[in-house]
Amino acid sequence: MVKVIRFKLVALLLAMIMFVPLTQASAAGEVYKYDFDQIRVVYAAEFTMYPDSAPSEHWLTQIAGGPNKPIQILYGILHLYNGDRYIDEQFIKMSGEGGSERFLSNSLRNDYYDETYTLKRQTSVQFWSGKKLDGNAVVKDFNEPLKSVTLVQSFDPQGQVTGFNLYAQPLIMPGSEWDPFSNYVSSYTYDPSSLLHAGEANGKEVEPKPEEQKVGEPQTAEPKAEVMQP
């Protein structure tokens with residue numbers, strides 16, 4: 001069952017990044033597109049987050065459906081391949097009663113337990129709407145007002161994932177100066193009981209918790225596909 005959960009998470013993440021076309025177009029300026037041969041999912045996680053602070057007019061609150069509504073997160077660490085070489089990328093999709101948004105990462109910051117920078121305490125990944133996946137391509141468009149969120153992933157001293165927090169900024173206007181890790185106006189905390197994850201995070205293999213199987217339900221074989229090619 002653990003292997004089935006792993007496949008389900010990987011398949012869900014691939015479906016989100018491969019088969020949902022972009023609908024937003026830039027009204028002016030340049031749009032940059034970078035094509036890749038294939039996408040491999042290294043880590044996938046799905047969980048529910050509840051608001052700590054959610055201004056009613058904020059775009060993330062509107063996605064949730066209101067200031068007291070939860071959001072569903074699909075998060076992944078990806079390898080984007082050209083030939084036998086790849087670059088690391090991270091993906092997030094936020095969904096709620098009011099719709100959804102999906103971004104790619106822009107900035108990353110690590111904090112450590114020790115002064116030798118070997119025991120990672122948490123990783124803060126800033127995502128924004130100016131960078132998205134469209135099929136097997138990364139599309140960059142910074143002309144529109146940008147939406148930005150930061151996902152903070154915490155680890156114990158053994159390197160295992162212990163939690164997630166999400167912070168969001170106001171809209172970023174083109175040409176404005178801003179700090180990707182400050183000026184948060186909205187925050188959410190994950191529900192530990194909702195977490196399903198699989199793959200490798202922080203150099204550690206995580207094992208998803210097994211699903212309950214009904215009496216008499218047949219075992220499901222694990223399909224072997226984790227890579228999507230054009």
# chains A, B, ... in the order shown; residues from 1 in each chain; ligands from 1
call {"tool": "closest_atom_pairs", "arguments": {"of": "segment 77-168 of chain A", "to": "segment 53-68 of chain A", "cutoff": "12 Å", "atoms": "only C-alpha atoms", "output": "Markdown table"}}
result
| residue | atom | partner | partner_atom | distance |
| --- | --- | --- | --- | --- |
| A:Lys93 | CA | A:Ile63 | CA | 11.2 |
| A:Met94 | CA | A:Ile63 | CA | 7.8 |
| A:Ser95 | CA | A:Ile63 | CA | 6.5 |
| A:Gly96 | CA | A:Ala64 | CA | 4.2 |
| A:Glu97 | CA | A:Gly65 | CA | 4.8 |
| A:Gly98 | CA | A:Ile63 | CA | 4.2 |
| A:Gly99 | CA | A:Ile63 | CA | 5.1 |
| A:Ser100 | CA | A:Ile63 | CA | 6.0 |
| A:Glu101 | CA | A:Ile63 | CA | 8.0 |
| A:Arg102 | CA | A:Ile63 | CA | 11.5 |
| A:Pro145 | CA | A:Trp59 | CA | 11.8 |
| A:Leu146 | CA | A:Trp59 | CA | 10.9 |
| A:Lys147 | CA | A:Trp59 | CA | 8.1 |
| A:Ser148 | CA | A:Leu60 | CA | 9.6 |
| A:Val149 | CA | A:Leu60 | CA | 9.1 |
| A:Asn165 | CA | A:Ser53 | CA | 11.9 |
| A:Leu166 | CA | A:Leu60 | CA | 10.6 |
| A:Tyr167 | CA | A:Ser53 | CA | 9.3 |
| A:Ala168 | CA | A:Leu60 | CA | 7.5 |
call {"tool": "write_last_selection", "arguments": {"atoms": "N, CA and C atoms", "output": "CSV table (one decimal), in the first residue's frame"}}
result
chain,number,residue,atom,x,y,z
A,93,LYS,N,1.0,24.0,-5.9
A,93,LYS,CA,-0.3,24.3,-6.3
A,93,LYS,C,-1.2,24.5,-5.1
A,94,MET,N,-1.9,25.6,-5.1
A,94,MET,CA,-2.8,25.9,-4.0
A,94,MET,C,-4.2,25.9,-4.5
A,95,SER,N,-5.1,25.2,-3.8
A,95,SER,CA,-6.4,25.0,-4.2
A,95,SER,C,-7.4,25.2,-3.1
A,96,GLY,N,-8.6,25.7,-3.4
A,96,GLY,CA,-9.6,25.9,-2.4
A,96,GLY,C,-11.0,26.1,-3.1
A,97,GLU,N,-12.0,26.5,-2.3
A,97,GLU,CA,-13.3,26.7,-2.8
A,97,GLU,C,-13.4,27.8,-3.9
A,98,GLY,N,-12.4,28.7,-3.9
A,98,GLY,CA,-12.4,29.8,-4.9
A,98,GLY,C,-11.6,29.6,-6.1
A,99,GLY,N,-10.9,28.4,-6.3
A,99,GLY,CA,-10.1,28.2,-7.4
A,99,GLY,C,-8.7,27.6,-7.1
A,100,SER,N,-7.7,27.9,-7.9
A,100,SER,CA,-6.4,27.4,-7.7
A,100,SER,C,-5.4,28.3,-8.4
A,101,GLU,N,-4.1,28.2,-7.9
A,101,GLU,CA,-3.0,28.8,-8.5
A,101,GLU,C,-1.8,27.8,-8.4
A,102,ARG,N,-0.9,27.8,-9.4
A,102,ARG,CA,0.3,27.0,-9.4
A,102,ARG,C,1.5,27.8,-9.8
A,145,PRO,N,1.3,42.1,-12.4
A,145,PRO,CA,1.5,42.1,-11.0
A,145,PRO,C,1.6,40.6,-10.5
A,146,LEU,N,2.6,40.4,-9.7
A,146,LEU,CA,3.0,39.0,-9.3
A,146,LEU,C,2.4,38.6,-8.0
A,147,LYS,N,2.0,37.4,-7.9
A,147,LYS,CA,1.6,36.8,-6.6
A,147,LYS,C,2.8,35.9,-6.1
A,148,SER,N,3.0,36.0,-4.8
A,148,SER,CA,4.1,35.3,-4.2
A,148,SER,C,3.8,34.6,-2.9
A,149,VAL,N,4.3,33.4,-2.7
A,149,VAL,CA,4.1,32.7,-1.4
A,149,VAL,C,5.5,32.1,-1.1
A,165,ASN,N,4.8,25.5,6.9
A,165,ASN,CA,4.0,26.7,7.0
A,165,ASN,C,4.0,27.5,5.7
A,166,LEU,N,3.0,28.2,5.4
A,166,LEU,CA,2.9,29.0,4.2
A,166,LEU,C,2.6,30.4,4.5
A,167,TYR,N,3.4,31.3,3.8
A,167,TYR,CA,3.2,32.8,4.0
A,167,TYR,C,3.1,33.4,2.7
A,168,ALA,N,2.2,34.5,2.6
A,168,ALA,CA,2.0,35.1,1.3
A,168,ALA,C,2.1,36.6,1.5
call {"tool": "residues_around", "arguments": {"residues": "Gln126 of chain A", "least_positions_apart": "2", "cutoff": "8 Å", "atoms": "only C-alpha atoms", "output": "list in words"}}
result
Ser105, Asn106, Ser107, Leu108, Ser124, Trp128, Ser148, Val149, Thr150, Leu151, Pro180 and Phe181 of chain A
call {"tool": "write_last_selection", "arguments": {"atoms": "N, CA and C atoms", "output": "mmCIF file, in the first residue's frame"}}
result
data_model
loop_
_atom_site.group_PDB
_atom_site.id
_atom_site.type_symbol
_atom_site.label_atom_id
_atom_site.label_comp_id
_atom_site.auth_asym_id
_atom_site.auth_seq_id
_atom_site.Cartn_x
_atom_site.Cartn_y
_atom_site.Cartn_z
ATOM 1 N N SER A 105 9.345 27.829 -8.214
ATOM 2 C CA SER A 105 10.176 28.510 -7.227
ATOM 3 C C SER A 105 11.026 29.602 -7.857
ATOM 4 N N ASN A 106 11.323 30.613 -7.036
ATOM 5 C CA ASN A 106 12.174 31.727 -7.462
ATOM 6 C C ASN A 106 13.399 31.873 -6.566
ATOM 7 N N SER A 107 13.213 31.727 -5.244
ATOM 8 C CA SER A 107 14.313 31.894 -4.290
ATOM 9 C C SER A 107 14.232 30.808 -3.228
ATOM 10 N N LEU A 108 15.385 30.522 -2.616
ATOM 11 C CA LEU A 108 15.445 29.499 -1.568
ATOM 12 C C LEU A 108 16.423 29.948 -0.491
ATOM 13 N N SER A 124 13.202 27.555 3.359
ATOM 14 C CA SER A 124 12.161 28.489 2.933
ATOM 15 C C SER A 124 12.250 28.639 1.422
ATOM 16 N N TRP A 128 6.522 32.154 -7.125
ATOM 17 C CA TRP A 128 5.720 33.266 -7.635
ATOM 18 C C TRP A 128 5.110 32.953 -8.988
ATOM 19 N N SER A 148 2.992 36.001 -4.800
ATOM 20 C CA SER A 148 4.147 35.324 -4.210
ATOM 21 C C SER A 148 3.760 34.644 -2.904
ATOM 22 N N VAL A 149 4.269 33.422 -2.707
ATOM 23 C CA VAL A 149 4.117 32.713 -1.434
ATOM 24 C C VAL A 149 5.459 32.103 -1.058
ATOM 25 N N THR A 150 5.655 31.886 0.232
ATOM 26 C CA THR A 150 6.847 31.205 0.730
ATOM 27 C C THR A 150 6.416 30.001 1.548
ATOM 28 N N LEU A 151 6.898 28.826 1.162
ATOM 29 C CA LEU A 151 6.630 27.592 1.893
ATOM 30 C C LEU A 151 7.842 27.271 2.760
ATOM 31 N N PRO A 180 11.931 38.821 -1.063
ATOM 32 C CA PRO A 180 11.104 37.621 -1.186
ATOM 33 C C PRO A 180 10.802 36.928 0.134
ATOM 34 N N PHE A 181 11.498 37.308 1.220
ATOM 35 C CA PHE A 181 11.297 36.629 2.494
ATOM 36 C C PHE A 181 10.837 37.579 3.602
#
call {"tool": "select_by_dssp", "arguments": {"residues": "segment 22-174 of chain A", "states": "strand (DSSP E or B)", "output": "number ranges by chain"}}
result
A: 32-35, 38-53, 71-82, 85-96, 99-112, 120-128, 131-134, 137-140, 146, 148-155, 161-168, 172
call {"tool": "select_by_dssp", "arguments": {"residues": "segment 7-202 of chain A", "states": "helix (DSSP H, G or I)", "output": "PyMOL selection string"}}
result
chain A and resi 7-18+59-64+192-194
call {"tool": "residues_around", "arguments": {"residues": "Gly203 of chain A", "least_positions_apart": "3", "cutoff": "12 Å", "atoms": "only C-alpha atoms", "output": "list in words"}}
result
Val42, Tyr43, Ile77, Thr118, Leu119, Lys120, Phe155, Gln158, Gly159, Gln160, Val161, Gly199, Glu200 and Val206 of chain A
call {"tool": "residues_around", "arguments": {"residues": "Ala137 of chain A", "least_positions_apart": "2", "cutoff": "9 Å", "atoms": "only C-alpha atoms", "output": "CSV table (one decimal) with C-alpha atoms, in the first residue's frame"}}
result
chain,number,residue,atom,x,y,z
A,33,LYS,CA,10.1,29.9,-22.6
A,34,TYR,CA,12.7,27.2,-21.8
A,35,ASP,CA,12.0,23.7,-23.1
A,36,PHE,CA,13.1,20.4,-21.4
A,37,ASP,CA,13.1,16.8,-22.5
A,132,LYS,CA,5.2,28.4,-14.3
A,133,LEU,CA,5.3,25.1,-16.0
A,134,ASP,CA,3.5,24.7,-19.3
A,135,GLY,CA,3.9,21.0,-20.4
A,139,VAL,CA,7.6,30.0,-18.9
call {"tool": "closest_residue", "arguments": {"among": "A:Asn183, A:Ser176, A:Thr123, A:Asn136", "to": "Thr162 of chain A", "atoms": "only C-alpha atoms"}}
result
A:Thr123
call {"tool": "residues_around", "arguments": {"residues": "Glu46 of chain A", "least_positions_apart": "5", "cutoff": "8 Å", "atoms": "only C-alpha atoms", "output": "list in words"}}
result
Leu9, Gln72, Ile73, Leu74, Tyr75, Ser194, Leu195, Leu196 and His197 of chain A
call {"tool": "closest_residue", "arguments": {"among": "A:Arg85, A:Ile71, A:Ala201, A:Val138", "to": "Pro51 of chain A", "atoms": "only C-alpha atoms"}}
result
A:Ile71
call {"tool": "atom_distance", "arguments": {"atom1": "atom CA of Gln153 of chain A", "atom2": "atom CA of Ile92 of chain A"}}
result
12.8 Å
call {"tool": "atom_distance", "arguments": {"atom1": "atom CA of Asp52 of chain A", "atom2": "atom CA of Ser187 of chain A"}}
result
5.5 Å
call {"tool": "atom_distance", "arguments": {"atom1": "atom CA of Ala198 of chain A", "atom2": "atom CA of Met49 of chain A"}}
result
18.3 Å
call {"tool": "decode", "arguments": {"residues": "segment 66-94 of chain A", "atoms": "N, CA and C atoms", "output": "PDB file, in the first residue's frame"}}
result
ATOM      1  N   GLY A  66     -12.539  32.180   1.674  1.00  0.00           N
ATOM      2  CA  GLY A  66     -12.864  33.016   2.812  1.00  0.00           C
ATOM      3  C   GLY A  66     -11.769  32.971   3.853  1.00  0.00           C
ATOM      4  N   PRO A  67     -11.786  33.913   4.828  1.00  0.00           N
ATOM      5  CA  PRO A  67     -10.695  34.021   5.804  1.00  0.00           C
ATOM      6  C   PRO A  67     -10.613  32.862   6.784  1.00  0.00           C
ATOM      7  N   ASN A  68     -11.659  32.055   6.893  1.00  0.00           N
ATOM      8  CA  ASN A  68     -11.636  30.919   7.810  1.00  0.00           C
ATOM      9  C   ASN A  68     -11.554  29.580   7.087  1.00  0.00           C
ATOM     10  N   LYS A  69     -11.290  29.613   5.787  1.00  0.00           N
ATOM     11  CA  LYS A  69     -11.293  28.408   4.977  1.00  0.00           C
ATOM     12  C   LYS A  69      -9.878  27.839   4.810  1.00  0.00           C
ATOM     13  N   PRO A  70      -9.746  26.514   4.755  1.00  0.00           N
ATOM     14  CA  PRO A  70      -8.435  25.899   4.516  1.00  0.00           C
ATOM     15  C   PRO A  70      -8.070  25.921   3.041  1.00  0.00           C
ATOM     16  N   ILE A  71      -6.810  25.654   2.760  1.00  0.00           N
ATOM     17  CA  ILE A  71      -6.348  25.465   1.388  1.00  0.00           C
ATOM     18  C   ILE A  71      -5.675  24.099   1.289  1.00  0.00           C
ATOM     19  N   GLN A  72      -5.739  23.538   0.100  1.00  0.00           N
ATOM     20  CA  GLN A  72      -5.089  22.258  -0.174  1.00  0.00           C
ATOM     21  C   GLN A  72      -3.799  22.532  -0.937  1.00  0.00           C
ATOM     22  N   ILE A  73      -2.703  21.926  -0.501  1.00  0.00           N
ATOM     23  CA  ILE A  73      -1.392  22.151  -1.108  1.00  0.00           C
ATOM     24  C   ILE A  73      -0.904  20.876  -1.791  1.00  0.00           C
ATOM     25  N   LEU A  74      -0.432  21.030  -3.011  1.00  0.00           N
ATOM     26  CA  LEU A  74       0.322  19.983  -3.702  1.00  0.00           C
ATOM     27  C   LEU A  74       1.707  20.558  -3.962  1.00  0.00           C
ATOM     28  N   TYR A  75       2.730  19.938  -3.408  1.00  0.00           N
ATOM     29  CA  TYR A  75       4.098  20.459  -3.460  1.00  0.00           C
ATOM     30  C   TYR A  75       5.020  19.375  -4.005  1.00  0.00           C
ATOM     31  N   GLY A  76       5.963  19.780  -4.851  1.00  0.00           N
ATOM     32  CA  GLY A  76       6.874  18.802  -5.412  1.00  0.00           C
ATOM     33  C   GLY A  76       8.261  19.344  -5.665  1.00  0.00           C
ATOM     34  N   ILE A  77       9.257  18.474  -5.554  1.00  0.00           N
ATOM     35  CA  ILE A  77      10.631  18.752  -5.969  1.00  0.00           C
ATOM     36  C   ILE A  77      10.856  18.005  -7.272  1.00  0.00           C
ATOM     37  N   LEU A  78      11.326  18.714  -8.296  1.00  0.00           N
ATOM     38  CA  LEU A  78      11.418  18.166  -9.643  1.00  0.00           C
ATOM     39  C   LEU A  78      12.847  18.232 -10.163  1.00  0.00           C
ATOM     40  N   HIS A  79      13.162  17.345 -11.098  1.00  0.00           N
ATOM     41  CA  HIS A  79      14.357  17.447 -11.933  1.00  0.00           C
ATOM     42  C   HIS A  79      13.894  17.661 -13.370  1.00  0.00           C
ATOM     43  N   LEU A  80      14.358  18.758 -13.978  1.00  0.00           N
ATOM     44  CA  LEU A  80      14.023  19.074 -15.364  1.00  0.00           C
ATOM     45  C   LEU A  80      15.220  18.706 -16.232  1.00  0.00           C
ATOM     46  N   TYR A  81      15.024  17.774 -17.143  1.00  0.00           N
ATOM     47  CA  TYR A  81      16.131  17.186 -17.902  1.00  0.00           C
ATOM     48  C   TYR A  81      16.227  17.732 -19.321  1.00  0.00           C
ATOM     49  N   ASN A  82      17.463  17.981 -19.740  1.00  0.00           N
ATOM     50  CA  ASN A  82      17.850  18.091 -21.143  1.00  0.00           C
ATOM     51  C   ASN A  82      18.982  17.098 -21.348  1.00  0.00           C
ATOM     52  N   GLY A  83      18.701  16.030 -22.101  1.00  0.00           N
ATOM     53  CA  GLY A  83      19.676  14.956 -22.206  1.00  0.00           C
ATOM     54  C   GLY A  83      19.857  14.284 -20.864  1.00  0.00           C
ATOM     55  N   ASP A  84      21.128  14.074 -20.456  1.00  0.00           N
ATOM     56  CA  ASP A  84      21.385  13.439 -19.167  1.00  0.00           C
ATOM     57  C   ASP A  84      21.674  14.456 -18.067  1.00  0.00           C
ATOM     58  N   ARG A  85      21.491  15.738 -18.355  1.00  0.00           N
ATOM     59  CA  ARG A  85      21.701  16.784 -17.361  1.00  0.00           C
ATOM     60  C   ARG A  85      20.353  17.344 -16.913  1.00  0.00           C
ATOM     61  N   TYR A  86      20.311  17.777 -15.654  1.00  0.00           N
ATOM     62  CA  TYR A  86      19.052  18.309 -15.136  1.00  0.00           C
ATOM     63  C   TYR A  86      19.310  19.513 -14.237  1.00  0.00           C
ATOM     64  N   ILE A  87      18.249  20.292 -14.042  1.00  0.00           N
ATOM     65  CA  ILE A  87      18.259  21.361 -13.056  1.00  0.00           C
ATOM     66  C   ILE A  87      17.176  21.061 -12.029  1.00  0.00           C
ATOM     67  N   ASP A  88      17.399  21.521 -10.796  1.00  0.00           N
ATOM     68  CA  ASP A  88      16.410  21.346  -9.741  1.00  0.00           C
ATOM     69  C   ASP A  88      15.330  22.415  -9.861  1.00  0.00           C
ATOM     70  N   GLU A  89      14.111  22.034  -9.580  1.00  0.00           N
ATOM     71  CA  GLU A  89      12.995  22.976  -9.581  1.00  0.00           C
ATOM     72  C   GLU A  89      12.003  22.538  -8.512  1.00  0.00           C
ATOM     73  N   GLN A  90      11.215  23.485  -8.018  1.00  0.00           N
ATOM     74  CA  GLN A  90      10.178  23.164  -7.047  1.00  0.00           C
ATOM     75  C   GLN A  90       8.854  23.762  -7.510  1.00  0.00           C
ATOM     76  N   PHE A  91       7.779  23.048  -7.193  1.00  0.00           N
ATOM     77  CA  PHE A  91       6.452  23.343  -7.715  1.00  0.00           C
ATOM     78  C   PHE A  91       5.462  23.407  -6.555  1.00  0.00           C
ATOM     79  N   ILE A  92       4.481  24.327  -6.653  1.00  0.00           N
ATOM     80  CA  ILE A  92       3.411  24.361  -5.662  1.00  0.00           C
ATOM     81  C   ILE A  92       2.090  24.649  -6.358  1.00  0.00           C
ATOM     82  N   LYS A  93       1.049  23.985  -5.897  1.00  0.00           N
ATOM     83  CA  LYS A  93      -0.318  24.257  -6.347  1.00  0.00           C
ATOM     84  C   LYS A  93      -1.175  24.464  -5.111  1.00  0.00           C
ATOM     85  N   MET A  94      -1.890  25.590  -5.072  1.00  0.00           N
ATOM     86  CA  MET A  94      -2.767  25.939  -3.957  1.00  0.00           C
ATOM     87  C   MET A  94      -4.202  25.910  -4.450  1.00  0.00           C
TER      88      MET A  94
END
